[in-house]
Every structure is written in C-alpha cells, then in structure tokens.
Amino acid sequence: MRKVVSGLFVSLDGVAESPDQWQFDFDEQMGEALTTALETADTILLGRVTYTEWAGYWPTVTSGEDVGFANWINKSPKYVVSNTLQDVDEWENSSLIKGADLTGAIEDLKAGPGKNISVAGSPTLVRSLLDLGLLDELVLLIHPVIAGEGRKKLFADDTKLKKLQLESAQPTSSGVVITTYRPLR
C-alpha cells in the first residue's frame, strides 16, 4: 500500500506559512532529503491555496536551478483538495477532489499502484489528513529561526492532542533538523 507523506519547512515557533521569507538556503543534507522525497513519490496532493499559487508558476519554469522540480511536478499526477474550486484545468495532470470525498479518494489512491503520495506545501491539508488518520509520515525541516510576525502556524493553539512517533532526526550543516514522524494509530 502506498504512503501519504508530507514534507514541510517549519520555524522553531511552528510557522509553516511563507517559508520563502524566513527559511535558510538549502544545504547539502536538505537537498538530499528533498531529492529522496521526489524519487520515492509519483503523485502529489495539493490544497487549494498551494494549487492556486503554484499552477501559475511551475508550468512556466523551463530553465534554471528549479527546472528539475518543475519537470517532475508538471508531469506528475496532481490531486487538488478543495471545496471552492470548480476545476483545476489550468495545470496539466491535475484532478479535483472535493473535500467531502477526501477520505474515500485518499484511500483509493493509497490502494492503487505506484510510489508514495507527496503532500506539497498545503499545511491546512496536512492538518486535515492527520486528523482523518490519512497521513502516514510527517517530515518537518525545522529551521533554527523564529518567524513570528503573525504568520500562520502549522498547528493552531486549539488543535486536539495527537501523538506521533519519531522515526528519525538528522541535523544538517546549517542547523536545520530534518525529522520524520509517524502518527500513532
């Protein structure tokens, strides 16, 4: 059975919003972790906000240092979870999952053939998948920075208790710690 795996950049104060404004440059170990994530996944889950931001950008990347990721994400099947979007035709290989159908749709994807299913960005979707017991691994790249300034945290202060098991933790040369957690079921 396929796994649903999320990888997110977070700050020490739990911020996951706008990592481009506070994250470090990628060091070698971060690059290796992200390369492994791409090599072990062939399907992408996106929330509405991430889809809306990325659909206008990644299809336009045809050269430069990001072209490898652009080629991978543009060619991969993408499933967009939203209750408000009417279609996701703007970006090739995209399909819409209405939020009410989330559990059945994810269970069907997990039961199908292929590699891991990667949740790209989409912290709101990550929270929903975790709450529904659909997330198999949560990989956090924890940056030694306090992002603050009213940015959204990965988990709200009123989030219900959810226990996870630490599978691995690897500090990198820049001080980022790459952690992998599995929800306890």
# chains A, B, ... in the order shown; residues from 1 in each chain; ligands from 1

$ residues_around --residues "stretch 131-143 of chain A" --least-positions-apart "6" --cutoff "6 Å" --atoms "only C-alpha atoms" --output "PyMOL selection string"
chain A and resi 3-11+176-182

$ select_by_dssp --residues "stretch 45-144 of chain A" --states "alpha helix (DSSP H)" --output "ChimeraX atom specification"
/A:48-55,67-75,102-111,123-131

$ residues_around --residues "A:Thr35" --least-positions-apart "5" --cutoff "12 Å" --atoms "only C-alpha atoms" --output "PyMOL selection string"
chain A and resi 7+26+28-30+40-41+68-69+72

$ residues_around --residues "A:Asp89" --least-positions-apart "3" --cutoff "12 Å" --atoms "only C-alpha atoms" --output "list in words"
Tyr51, Thr52, Ala55, Gly56, Lys78, Tyr79, Val80, Leu85, Gln86, Glu92, Asn93, Ser94, Ser95 and Leu96 of chain A

$ select_by_dssp --residues "stretch 42-142 of chain A" --states "strand (DSSP E or B)" --output "ChimeraX atom specification"
/A:42-47,78-81,94-97,116-120,137-142

$ atom_distance --atom1 "atom CA of A:Pro144" --atom2 "atom CA of A:Pro171"
10.7 Å

$ closest_residue --among "A:Val145, A:Thr43, A:Val88, A:Gly112" --to "A:Ser174" --atoms "only C-alpha atoms"
A:Val145

$ atom_distance --atom1 "atom CA of A:Val67" --atom2 "atom CA of A:Trp54"
13.9 Å

$ residues_around --residues "A:Gly150" --least-positions-apart "4" --cutoff "12 Å" --atoms "only C-alpha atoms" --output "list in words"
Asp13, Gly14, Val15, Ala16, Glu17, Ser18 and Ile146 of chain A

$ write_last_selection --atoms "N, CA and C atoms" --output "compact mmCIF listing (two decimals), in the first residue's frame"
# COMPACT_ATOMS: atom_id res chain seq x y z
N ASP A 13 9.09 28.35 16.08
CA ASP A 13 7.81 28.71 16.69
C ASP A 13 6.63 28.10 15.95
N GLY A 14 6.89 27.12 15.08
CA GLY A 14 5.82 26.35 14.45
C GLY A 14 5.23 26.96 13.20
N VAL A 15 5.81 28.04 12.68
CA VAL A 15 5.28 28.70 11.49
C VAL A 15 5.59 27.86 10.26
N ALA A 16 4.56 27.65 9.43
CA ALA A 16 4.73 26.95 8.16
C ALA A 16 4.39 27.86 6.98
N GLU A 17 3.80 29.00 7.25
CA GLU A 17 3.39 29.93 6.20
C GLU A 17 4.58 30.69 5.64
N SER A 18 4.60 30.87 4.32
CA SER A 18 5.59 31.69 3.61
C SER A 18 7.03 31.36 3.99
N ILE A 146 12.97 32.02 14.49
CA ILE A 146 11.63 32.34 14.97
C ILE A 146 11.02 33.26 13.94

$ residues_around --residues "A:Leu102" --least-positions-apart "3" --cutoff "10 Å" --atoms "only C-alpha atoms" --output "ChimeraX atom specification"
/A:81-82,97-99,105-108,128-129,132,134

$ write_last_selection --atoms "C-alpha atoms" --output "PDB file, in the first residue's frame"
ATOM      1  CA  VAL A  81      -8.379  19.075  -2.465  1.00  0.00           C
ATOM      2  CA  SER A  82     -10.877  21.941  -2.394  1.00  0.00           C
ATOM      3  CA  ILE A  97     -11.091  16.157  -5.081  1.00  0.00           C
ATOM      4  CA  LYS A  98     -13.974  17.842  -3.331  1.00  0.00           C
ATOM      5  CA  GLY A  99     -13.323  17.990   0.419  1.00  0.00           C
ATOM      6  CA  ALA A 105     -10.343   9.473  -2.564  1.00  0.00           C
ATOM      7  CA  ILE A 106      -7.172   9.165  -0.470  1.00  0.00           C
ATOM      8  CA  GLU A 107      -7.907   5.559   0.441  1.00  0.00           C
ATOM      9  CA  ASP A 108      -8.376   4.780  -3.281  1.00  0.00           C
ATOM     10  CA  SER A 128      -6.919  17.554   7.749  1.00  0.00           C
ATOM     11  CA  LEU A 129      -5.099  14.408   6.639  1.00  0.00           C
ATOM     12  CA  LEU A 132      -8.592  11.904   9.484  1.00  0.00           C
ATOM     13  CA  LEU A 134      -4.793   9.517   6.366  1.00  0.00           C
TER      14      LEU A 134
END

$ closest_residue --among "A:Thr103, A:Gln21, A:Thr62, A:Ser76" --to "A:Ile117" --atoms "only C-alpha atoms"
A:Ser76

$ closest_residue --among "A:Asn74, A:Ser122, A:Gln23, A:Asn83" --to "A:Leu154" --atoms "only C-alpha atoms"
A:Ser122

$ closest_residue --among "A:Ala169, A:Ala33, A:Ala111, A:Ala156" --to "A:Pro123" --atoms "only C-alpha atoms"
A:Ala156

$ atom_distance --atom1 "atom CA of A:Ser63" --atom2 "atom CA of A:Glu90"
20.6 Å
